[in-house]
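Source file: my_file30.txt (compact mmCIF, C-alpha atoms)
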# COMPACT_ATOMS: atom_id res chain seq x y z
CA MET U 640 14.07 -31.14 -145.70
CA SER U 641 10.52 -30.66 -144.46
CA ARG U 642 7.68 -32.94 -145.44
CA LYS U 643 5.49 -31.70 -148.28
CA SER U 644 1.97 -30.67 -147.35
CA LYS U 645 -1.12 -32.34 -148.74
CA GLU U 646 -1.77 -29.24 -150.84
CA GLU U 647 1.73 -29.43 -152.34
CA ILE U 648 1.24 -33.12 -153.15
CA ALA U 649 -2.05 -32.34 -154.87
CA ALA U 650 -0.32 -29.67 -156.99
CA ILE U 651 2.41 -32.15 -157.95
CA TYR U 652 -0.16 -34.75 -158.98
CA LYS U 653 -1.99 -32.13 -161.05
CA GLN U 654 1.27 -31.47 -162.89
CA MET U 655 1.63 -35.22 -163.45
CA GLN U 656 -1.80 -35.30 -165.08
CA GLU U 657 -0.63 -32.62 -167.52
CA TYR U 658 2.60 -34.48 -168.27
CA ILE U 659 0.82 -37.75 -169.01
CA CYS U 660 -1.86 -36.16 -171.19
CA GLU U 661 0.72 -34.38 -173.33
CA ALA U 662 2.67 -37.61 -173.86
CA LEU U 663 -0.45 -39.59 -174.81
CA GLU U 664 -1.62 -36.95 -177.26
CA ALA U 665 1.79 -37.03 -178.93
CA GLY U 666 1.70 -40.83 -179.03
CA ASP U 667 -1.76 -40.94 -180.61
CA GLY U 668 -1.02 -38.20 -183.11
CA ALA U 669 -4.63 -37.26 -183.83
CA GLY U 670 -6.89 -37.01 -180.81
CA SER U 671 -6.75 -34.71 -177.82
CA PHE U 672 -8.02 -34.56 -174.26
CA LYS U 673 -10.99 -32.45 -173.25
CA ALA U 674 -10.93 -31.09 -169.71
CA ASP U 675 -13.97 -31.40 -167.47
CA ASN U 676 -13.62 -29.53 -164.18
CA TRP U 677 -15.87 -30.53 -161.33
CA VAL U 678 -16.56 -29.59 -157.70
CA ARG U 679 -17.47 -31.94 -154.88
CA GLU U 680 -20.24 -30.51 -152.71
CA GLU U 681 -18.72 -31.86 -149.46
CA GLY U 682 -15.28 -30.44 -150.27
CA GLY U 683 -12.71 -30.35 -153.04
CA GLY U 684 -13.02 -31.36 -156.67
CA GLY U 685 -10.89 -32.18 -159.64
CA GLN U 686 -10.43 -32.32 -163.36
CA THR U 687 -11.25 -35.29 -165.55
CA ARG U 688 -9.62 -35.29 -168.96
CA ILE U 689 -11.35 -37.49 -171.50
CA PHE U 690 -9.88 -38.72 -174.77
CA GLN U 691 -12.17 -40.05 -177.51
CA ASP U 692 -11.93 -40.97 -181.19
CA GLY U 693 -8.19 -40.71 -181.65
CA ALA U 694 -6.07 -42.57 -184.18
CA ILE U 695 -5.10 -45.28 -181.68
CA LEU U 696 -7.11 -44.58 -178.54
CA GLU U 697 -10.85 -45.14 -178.76
CA LYS U 698 -11.53 -43.88 -175.25
CA GLY U 699 -9.38 -42.86 -172.33
CA GLY U 700 -9.42 -40.85 -169.17
CA VAL U 701 -6.76 -39.19 -167.04
CA ALA U 702 -8.45 -37.97 -163.88
CA PHE U 703 -7.06 -35.76 -161.14
CA SER U 704 -8.88 -35.23 -157.86
CA ALA U 705 -8.26 -33.57 -154.50
CA VAL U 706 -11.21 -34.09 -152.17
CA HIS U 707 -11.75 -33.57 -148.46
CA GLY U 708 -14.40 -33.48 -145.79
CA PRO U 709 -15.91 -35.60 -143.02
CA THR U 710 -15.03 -39.26 -143.44
CA PRO U 711 -18.13 -41.35 -144.20
CA LYS U 712 -18.66 -43.98 -141.50
CA LYS U 713 -18.60 -46.74 -144.10
CA ILE U 714 -15.09 -45.66 -145.10
CA SER U 715 -13.73 -45.10 -141.59
CA ASP U 716 -15.03 -48.50 -140.46
CA LYS U 717 -13.52 -50.24 -143.47
CA LEU U 718 -10.13 -48.52 -143.03
CA GLY U 719 -10.08 -48.91 -139.26
CA LEU U 720 -9.94 -45.15 -138.67
CA GLU U 721 -11.46 -42.82 -136.16
CA SER U 722 -14.02 -40.39 -137.53
CA GLY U 723 -12.61 -37.07 -138.69
CA ILE U 724 -11.71 -34.99 -141.71
CA PHE U 725 -9.98 -36.78 -144.59
CA PHE U 726 -8.01 -35.53 -147.58
CA ALA U 727 -7.39 -37.63 -150.67
CA THR U 728 -5.65 -36.73 -153.91
CA GLY U 729 -4.33 -38.62 -156.88
CA VAL U 730 -4.28 -39.36 -160.58
CA SER U 731 -6.15 -42.29 -162.12
CA ILE U 732 -5.91 -43.47 -165.73
CA VAL U 733 -7.61 -46.05 -167.93
CA LEU U 734 -7.11 -46.32 -171.70
CA HIS U 735 -9.07 -48.40 -174.21
CA PRO U 736 -7.55 -48.71 -177.73
CA TYR U 737 -9.25 -49.43 -181.07
CA ASN U 738 -6.88 -52.20 -182.09
CA PRO U 739 -7.33 -55.42 -180.05
CA MET U 740 -3.57 -55.97 -180.32
CA VAL U 741 -2.98 -52.90 -178.15
CA PRO U 742 -3.63 -53.63 -174.46
CA ILE U 743 -5.91 -51.87 -172.01
CA ILE U 744 -3.90 -50.15 -169.29
CA HIS U 745 -4.64 -48.70 -165.87
CA MET U 746 -2.60 -46.65 -163.44
CA ASN U 747 -3.34 -44.91 -160.17
CA ILE U 748 -1.14 -42.94 -157.79
CA ARG U 749 -2.75 -41.47 -154.69
CA TYR U 750 -2.23 -39.94 -151.27
CA PHE U 751 -4.56 -40.10 -148.25
CA GLU U 752 -4.36 -38.11 -145.02
CA MET U 753 -6.50 -37.74 -141.91
CA GLU U 754 -6.60 -34.63 -139.74
CA ASP U 755 -4.81 -36.50 -136.94
CA GLY U 756 -1.76 -37.00 -139.18
CA THR U 757 -2.49 -40.58 -140.24
CA HIS U 758 -1.38 -40.83 -143.85
CA TRP U 759 -0.37 -43.19 -146.59
CA PHE U 760 0.42 -43.52 -150.28
CA GLY U 761 -1.06 -46.08 -152.62
CA GLY U 762 -1.14 -46.89 -156.29
CA GLY U 763 -0.31 -49.31 -158.99
CA ILE U 764 -0.16 -50.01 -162.67
CA ASP U 765 -1.48 -53.06 -164.48
CA LEU U 766 -1.83 -54.23 -168.07
CA THR U 767 -4.82 -56.03 -169.57
CA PRO U 768 -3.95 -57.38 -173.01
CA HIS U 769 -6.81 -58.63 -175.12
CA TYR U 770 -4.21 -61.10 -176.41
CA ILE U 771 -1.37 -62.13 -174.13
CA VAL U 772 2.05 -61.98 -175.82
CA PRO U 773 4.94 -63.17 -173.61
CA GLU U 774 7.46 -60.69 -175.06
CA ASP U 775 5.14 -57.77 -174.33
CA ALA U 776 4.45 -59.05 -170.83
CA ALA U 777 8.18 -59.39 -170.17
CA TYR U 778 8.82 -55.83 -171.36
CA PHE U 779 6.07 -54.46 -169.14
CA HIS U 780 7.20 -56.28 -166.01
CA ARG U 781 10.88 -55.55 -166.66
CA LYS U 782 10.14 -51.81 -166.77
CA LEU U 783 8.19 -52.06 -163.52
CA LYS U 784 10.96 -54.02 -161.81
CA GLU U 785 13.60 -51.50 -162.90
CA THR U 786 11.55 -48.65 -161.46
CA CYS U 787 10.85 -50.49 -158.21
CA ASP U 788 14.46 -51.60 -157.78
CA ALA U 789 15.66 -47.99 -157.96
CA PHE U 790 13.87 -47.42 -154.64
CA ASP U 791 13.69 -50.80 -152.87
CA THR U 792 14.50 -54.24 -154.26
CA SER U 793 11.73 -55.75 -152.16
CA TYR U 794 9.08 -53.63 -153.89
CA TYR U 795 8.67 -55.51 -157.16
CA PRO U 796 8.16 -59.08 -155.86
CA LYS U 797 5.95 -57.85 -153.03
CA PHE U 798 3.86 -55.46 -155.12
CA LYS U 799 3.69 -57.89 -158.07
CA ASN U 800 2.12 -60.55 -155.84
CA TRP U 801 -0.20 -57.92 -154.39
CA ALA U 802 -1.33 -57.00 -157.91
CA ASP U 803 -1.96 -60.66 -158.77
CA ASP U 804 -4.23 -60.91 -155.76
CA TYR U 805 -5.90 -57.53 -156.22
CA PHE U 806 -6.61 -57.62 -159.97
CA PHE U 807 -8.36 -60.97 -159.70
CA ILE U 808 -11.92 -61.55 -160.87
CA LYS U 809 -13.00 -63.89 -158.11
CA HIS U 810 -16.32 -64.90 -159.62
CA ARG U 811 -14.47 -65.92 -162.81
CA GLN U 812 -11.38 -67.31 -161.10
CA GLU U 813 -9.14 -65.46 -163.52
CA THR U 814 -6.84 -62.46 -163.37
CA ARG U 815 -7.93 -59.28 -165.14
CA GLY U 816 -4.77 -59.36 -167.26
CA ILE U 817 -1.07 -59.91 -166.70
CA GLY U 818 -1.00 -57.90 -163.48
CA GLY U 819 1.69 -55.39 -162.72
CA ILE U 820 2.24 -53.86 -159.29
CA PHE U 821 -0.16 -52.70 -156.61
CA TYR U 822 0.55 -51.14 -153.21
CA ASP U 823 -1.44 -49.44 -150.51
CA ARG U 824 -1.05 -47.83 -147.09
CA LEU U 825 2.64 -47.03 -147.47
CA SER U 826 3.23 -44.59 -144.62
CA ALA U 827 6.42 -42.73 -143.83
CA THR U 828 8.60 -43.10 -140.75
CA SER U 829 10.49 -39.84 -141.35
CA ASP U 830 10.44 -36.79 -143.61
CA SER U 831 13.08 -38.31 -145.87
CA HIS U 832 11.12 -41.55 -146.08
CA PHE U 833 7.99 -39.56 -146.93
CA GLN U 834 9.83 -37.92 -149.84
CA GLU U 835 11.14 -41.29 -150.99
CA ILE U 836 7.63 -42.79 -151.18
CA LEU U 837 6.35 -39.69 -152.97
CA ASP U 838 9.25 -39.92 -155.44
CA PHE U 839 8.41 -43.58 -156.05
CA SER U 840 4.82 -42.70 -156.93
CA LEU U 841 6.03 -39.96 -159.28
CA ALA U 842 8.48 -42.35 -160.94
CA LEU U 843 5.54 -44.64 -161.71
CA GLY U 844 3.66 -41.67 -163.14
CA ARG U 845 6.54 -40.83 -165.47
CA LEU U 846 6.95 -44.48 -166.44
CA PHE U 847 3.31 -44.78 -167.51
CA PRO U 848 3.49 -42.86 -170.81
CA GLU U 849 6.86 -44.42 -171.64
CA ILE U 850 5.37 -47.88 -171.41
CA TYR U 851 2.08 -47.18 -173.09
CA THR U 852 3.35 -45.11 -176.01
CA TYR U 853 5.71 -48.04 -176.68
CA PHE U 854 2.72 -50.36 -177.03
CA MET U 855 0.78 -47.76 -179.01
CA LYS U 856 3.56 -47.46 -181.58
CA LYS U 857 4.45 -51.17 -181.73
CA ASN U 858 1.03 -52.84 -181.67
CA SER U 859 -1.34 -50.38 -183.32
CA VAL U 860 0.01 -51.34 -186.76
CA LEU U 861 -0.77 -55.05 -186.28
CA PRO U 862 -3.64 -56.39 -188.43
CA PHE U 863 -6.98 -57.49 -186.96
CA GLY U 864 -10.43 -58.46 -188.16
CA PRO U 865 -13.99 -59.06 -186.93
CA GLU U 866 -12.97 -62.13 -184.91
CA GLN U 867 -10.40 -60.13 -182.95
CA LYS U 868 -12.85 -57.26 -182.40
CA ALA U 869 -15.44 -59.69 -181.04
CA TRP U 870 -12.85 -61.07 -178.63
CA GLN U 871 -11.93 -57.54 -177.59
CA GLY U 872 -15.59 -56.97 -176.69
CA LEU U 873 -15.60 -60.05 -174.45
CA ARG U 874 -12.38 -59.05 -172.69
CA ARG U 875 -13.76 -55.55 -172.16
CA GLY U 876 -16.75 -57.20 -170.53
CA ARG U 877 -14.46 -58.86 -168.01
CA TYR U 878 -12.88 -55.45 -167.36
CA VAL U 879 -16.31 -54.00 -166.59
CA GLU U 880 -17.08 -56.88 -164.23
CA PHE U 881 -13.95 -56.29 -162.19
CA ASN U 882 -14.38 -52.53 -161.97
CA LEU U 883 -18.00 -52.68 -160.88
CA VAL U 884 -17.79 -55.66 -158.54
CA TRP U 885 -14.32 -55.68 -157.01
CA ASP U 886 -12.41 -52.43 -157.58
CA ALA U 887 -11.73 -50.60 -154.31
CA GLY U 888 -11.23 -47.24 -156.03
CA THR U 889 -14.68 -47.40 -157.61
CA LYS U 890 -16.22 -48.25 -154.26
CA PHE U 891 -14.30 -45.49 -152.45
CA GLY U 892 -15.39 -42.91 -154.98
CA LEU U 893 -19.04 -43.88 -154.80
CA ASP U 894 -19.01 -44.19 -150.99
CA THR U 895 -17.56 -40.68 -150.62
CA ASN U 896 -20.13 -39.16 -152.99
CA GLY U 897 -17.55 -38.68 -155.70
CA ARG U 898 -18.44 -37.61 -159.20
CA THR U 899 -20.03 -40.61 -160.92
CA GLU U 900 -18.97 -39.64 -164.45
CA SER U 901 -15.34 -39.42 -163.37
CA ILE U 902 -15.46 -42.61 -161.31
CA LEU U 903 -16.89 -44.58 -164.23
CA MET U 904 -14.58 -43.12 -166.88
CA SER U 905 -12.80 -46.50 -166.78
CA MET U 906 -15.67 -48.17 -168.60
CA PRO U 907 -15.01 -49.10 -172.25
CA PRO U 908 -17.15 -47.54 -174.98
CA GLN U 909 -18.61 -50.96 -175.83
CA ALA U 910 -18.39 -54.38 -174.21
CA GLU U 911 -19.93 -57.78 -174.90
CA TRP U 912 -21.12 -60.84 -173.02
CA THR U 913 -21.60 -64.13 -174.86
CA TYR U 914 -23.21 -66.99 -172.98
CA GLN U 915 -20.69 -69.76 -172.25
CA HIS U 916 -18.22 -68.60 -174.86
CA GLU U 917 -15.57 -71.21 -175.61
CA PRO U 918 -12.48 -70.27 -177.65
CA LYS U 919 -11.25 -72.51 -180.44
CA GLN U 920 -8.73 -75.12 -179.42
CA GLY U 921 -5.18 -73.98 -180.10
CA SER U 922 -6.23 -70.38 -180.74
CA ALA U 923 -4.65 -67.19 -179.46
CA GLU U 924 -7.85 -66.64 -177.47
CA GLU U 925 -7.47 -70.00 -175.74
CA TYR U 926 -3.82 -69.21 -175.00
CA THR U 927 -4.84 -65.94 -173.38
CA LEU U 928 -7.47 -67.54 -171.17
CA ALA U 929 -5.00 -70.22 -170.08
CA HIS U 930 -2.59 -67.55 -168.85
CA LEU U 931 -4.96 -65.43 -166.80
CA LYS U 932 -3.43 -66.86 -163.63
CA LYS U 933 -1.73 -65.61 -160.51
CA GLY U 934 1.94 -66.19 -159.86
CA LEU U 935 3.32 -66.32 -163.39
CA ASP U 936 6.89 -65.07 -163.74
CA TRP U 937 6.46 -62.80 -166.74
CA LEU U 938 10.05 -61.59 -166.56
CA SER U 939 11.27 -64.87 -168.01
CA TYR U 940 8.11 -66.34 -169.51
CA THR U 941 8.59 -67.54 -173.09
CA ALA U 942 6.19 -70.47 -173.59

Please rewrite the model in this file as structure tokens.
Amino acid sequence: MSRKSKEEIAAIYKQMQEYICEALEAGDGAGSFKADNWVREEGGGGQTRIFQDGAILEKGGVAFSAVHGPTPKKISDKLGLESGIFFATGVSIVLHPYNPMVPIIHMNIRYFEMEDGTHWFGGGIDLTPHYIVPEDAAYFHRKLKETCDAFDTSYYPKFKNWADDYFFIKHRQETRGIGGIFYDRLSATSDSHFQEILDFSLALGRLFPEIYTYFMKKNSVLPFGPEQKAWQGLRRGRYVEFNLVWDAGTKFGLDTNGRTESILMSMPPQAEWTYQHEPKQGSAEEYTLAHLKKGLDWLSYTA
């Protein structure tokens, strides 16, 4: 079996975008995605699909891109690469719900290749609940572990710890949410290994709508009021802080002259910042803040 070309991988990821959008539209039941095609002047382009004003989803984006061209020096220096032509393709997703009881979710699967044959896969999926619920966290991490274990039993513990470190708001000393998995620079040692890593990324892509439509159906019916909406605004503010200050994908997109609208599709429709906000003692908000920590074993967490 020969190794798939970068063009074939891009086509597969484009199909994954379609699959995910169809599943999310079915899960929401009211809204639909609008396609926005774009071209990158230096080479390549993509399609950003934006979802707004649905029954459950307030704003969401499922973006596909396949870009290429001379590698900016800032990127080659950071990645430790020689200058040359790069190719990058992938699917990136962020969803923001109306109901604060439904979590924010992010996923990215991507492939990078240089003209000299240097290549790797990367990606991840993480959950950012406005309110942390141990049973929901256990479900999410159990699904991730099952998917990882089907390929390599070392993946989940390694990639879970990587996510804890990556999705960390350093200036706040708190995690963005309950983590998930994150991996980068997975390169193949053979054609069969290459296919295995690609299959792993596609398994994550298929898992995404299964997980999120579960939360859409289960949590969107839960009651909420002004207090919960205000808290949602504060947690969205933390999400903005991470994406603009620490997120590597945002930086890569901007450093390679990517399309700004597509790069910043992850931003929520509204966010809030309250000076020195302190949650009430014993509240669900206080519980959530107390559990925005690295290293928690969500698979068995019940307290």

Nearest candidate to U:Gly892 (options U:Asn858, U:Gln909, U:Ser731, U:Thr786; using all atoms listed in the file):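 Once distances to U:Gly892 are computed over all atoms listed in the file, the minimum belongs to U:Ser731.
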
d(atom CA of U:Ala674, atom CA of U:Lys868) in Å: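 Value for the atom CA of U:Ala674-atom CA of U:Lys868 distance: 29.1 Å.
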
Within 8 Å of stretch 897-907 of chain U using all atoms listed in the file, minus same-chain residues under 6 positions, as a short mmCIF file (atom, residue, chain, number, x, y, z; two decimals) with C-alpha atoms, in the coordinates of the input:
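Contents of the output file result_18.cif:
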data_model
loop_
_atom_site.label_atom_id
_atom_site.label_comp_id
_atom_site.auth_asym_id
_atom_site.auth_seq_id
_atom_site.Cartn_x
_atom_site.Cartn_y
_atom_site.Cartn_z
CA TRP U 677 -15.87 -30.53 -161.33
CA ARG U 679 -17.47 -31.94 -154.88
CA THR U 687 -11.25 -35.29 -165.55
CA ILE U 689 -11.35 -37.49 -171.50
CA LYS U 698 -11.53 -43.88 -175.25
CA GLY U 699 -9.38 -42.86 -172.33
CA GLY U 700 -9.42 -40.85 -169.17
CA ALA U 702 -8.45 -37.97 -163.88
CA ILE U 732 -5.91 -43.47 -165.73
CA VAL U 733 -7.61 -46.05 -167.93
CA LEU U 734 -7.11 -46.32 -171.70
CA HIS U 735 -9.07 -48.40 -174.21
CA ARG U 875 -13.76 -55.55 -172.16
CA TYR U 878 -12.88 -55.45 -167.36
CA VAL U 879 -16.31 -54.00 -166.59
CA ASN U 882 -14.38 -52.53 -161.97
CA THR U 889 -14.68 -47.40 -157.61
#

Do a neighbour search on U:Phe779 at 10 Å with all atoms listed in the file, toss out local chain neighbours closer than 4 positions, and write the hits as a ChimeraX atom specification. /U:765-766,773-775,783-784,817-819,850-851,853-854,937-938

Using all atoms listed in the file, the shortest atom-to-atom distance to U:Gly682 among U:Ile695, U:Leu931, U:Ala705, U:Ala887 belongs to U:Ala705

At a cut-off of 12 Å, can you tabulate as a Markdown table every residue of stretch 670-769 of chain U near stretch 834-849 of chain U together with its closest atom pair and the distance in Å to one decimal, using only C-alpha atoms and ordering rows by chain then number?
| residue | atom | partner | partner_atom | distance |
| --- | --- | --- | --- | --- |
| U:Val701 | CA | U:Gly844 | CA | 11.4 |
| U:Gly729 | CA | U:Ser840 | CA | 10.0 |
| U:Val730 | CA | U:Gly844 | CA | 8.7 |
| U:Ser731 | CA | U:Gly844 | CA | 9.9 |
| U:Ile732 | CA | U:Phe847 | CA | 9.5 |
| U:Val733 | CA | U:Phe847 | CA | 11.0 |
| U:Leu734 | CA | U:Pro848 | CA | 11.2 |
| U:Ile744 | CA | U:Phe847 | CA | 9.2 |
| U:His745 | CA | U:Phe847 | CA | 9.0 |
| U:Met746 | CA | U:Phe847 | CA | 7.4 |
| U:Asn747 | CA | U:Gly844 | CA | 8.3 |
| U:Ile748 | CA | U:Ser840 | CA | 6.0 |
| U:Arg749 | CA | U:Ser840 | CA | 8.0 |
| U:Tyr750 | CA | U:Leu837 | CA | 8.8 |
| U:Phe751 | CA | U:Leu837 | CA | 11.9 |
| U:His758 | CA | U:Ile836 | CA | 11.8 |
| U:Trp759 | CA | U:Ile836 | CA | 9.2 |
| U:Phe760 | CA | U:Ile836 | CA | 7.3 |
| U:Gly761 | CA | U:Ser840 | CA | 8.0 |
| U:Gly762 | CA | U:Ser840 | CA | 7.3 |
| U:Gly763 | CA | U:Leu843 | CA | 8.0 |
| U:Ile764 | CA | U:Leu843 | CA | 7.9 |
| U:Asp765 | CA | U:Phe847 | CA | 10.0 |
| U:Leu766 | CA | U:Phe847 | CA | 10.8 |

Go ahead and fit an axis-aligned box to every listed atom of stretch 710-716 of chain U plus 6 Å each side, and pass me the centre and edge lengths in Å, one decimal, as AutoDock Vina command-line options.
--center_x -16.2 --center_y -43.9 --center_z -142.8 --size_x 16.9 --size_y 21.2 --size_z 16.6

Shell of 9 Å around U:Asp830, only C-alpha atoms, local chain residues under 5 positions omitted, as a VMD selection string: chain U and resid 640 to 643 835

Could you add N, CA and C atoms to stretch 681-692 of chain U and give me the result as a PDB file, in the coordinates of the input?
ATOM      1  N   GLU U 681     -19.220 -31.723-150.838  1.00  0.00           N
ATOM      2  CA  GLU U 681     -18.720 -31.860-149.460  1.00  0.00           C
ATOM      3  C   GLU U 681     -17.322 -31.291-149.273  1.00  0.00           C
ATOM      4  N   GLY U 682     -16.623 -31.017-150.382  1.00  0.00           N
ATOM      5  CA  GLY U 682     -15.280 -30.440-150.270  1.00  0.00           C
ATOM      6  C   GLY U 682     -14.342 -30.929-151.360  1.00  0.00           C
ATOM      7  N   GLY U 683     -13.687 -29.997-152.023  1.00  0.00           N
ATOM      8  CA  GLY U 683     -12.710 -30.350-153.040  1.00  0.00           C
ATOM      9  C   GLY U 683     -13.315 -30.497-154.425  1.00  0.00           C
ATOM     10  N   GLY U 684     -12.573 -31.170-155.294  1.00  0.00           N
ATOM     11  CA  GLY U 684     -13.020 -31.360-156.670  1.00  0.00           C
ATOM     12  C   GLY U 684     -11.891 -31.937-157.497  1.00  0.00           C
ATOM     13  N   GLY U 685     -11.923 -31.643-158.786  1.00  0.00           N
ATOM     14  CA  GLY U 685     -10.890 -32.180-159.640  1.00  0.00           C
ATOM     15  C   GLY U 685     -11.102 -31.844-161.092  1.00  0.00           C
ATOM     16  N   GLN U 686     -10.310 -32.479-161.916  1.00  0.00           N
ATOM     17  CA  GLN U 686     -10.430 -32.320-163.360  1.00  0.00           C
ATOM     18  C   GLN U 686     -10.290 -33.684-164.014  1.00  0.00           C
ATOM     19  N   THR U 687     -11.290 -34.050-164.789  1.00  0.00           N
ATOM     20  CA  THR U 687     -11.250 -35.290-165.550  1.00  0.00           C
ATOM     21  C   THR U 687     -10.972 -34.934-167.006  1.00  0.00           C
ATOM     22  N   ARG U 688      -9.933 -35.512-167.552  1.00  0.00           N
ATOM     23  CA  ARG U 688      -9.620 -35.290-168.960  1.00  0.00           C
ATOM     24  C   ARG U 688      -9.969 -36.545-169.753  1.00  0.00           C
ATOM     25  N   ILE U 689     -10.843 -36.375-170.726  1.00  0.00           N
ATOM     26  CA  ILE U 689     -11.350 -37.490-171.500  1.00  0.00           C
ATOM     27  C   ILE U 689     -10.844 -37.419-172.926  1.00  0.00           C
ATOM     28  N   PHE U 690     -10.408 -38.589-173.414  1.00  0.00           N
ATOM     29  CA  PHE U 690      -9.880 -38.720-174.770  1.00  0.00           C
ATOM     30  C   PHE U 690     -10.812 -39.657-175.537  1.00  0.00           C
ATOM     31  N   GLN U 691     -11.296 -39.215-176.694  1.00  0.00           N
ATOM     32  CA  GLN U 691     -12.170 -40.050-177.510  1.00  0.00           C
ATOM     33  C   GLN U 691     -11.827 -39.881-178.984  1.00  0.00           C
ATOM     34  N   ASP U 692     -12.018 -40.995-179.724  1.00  0.00           N
ATOM     35  CA  ASP U 692     -11.930 -40.970-181.190  1.00  0.00           C
ATOM     36  C   ASP U 692     -10.580 -40.483-181.708  1.00  0.00           C
TER      37      ASP U 692
END
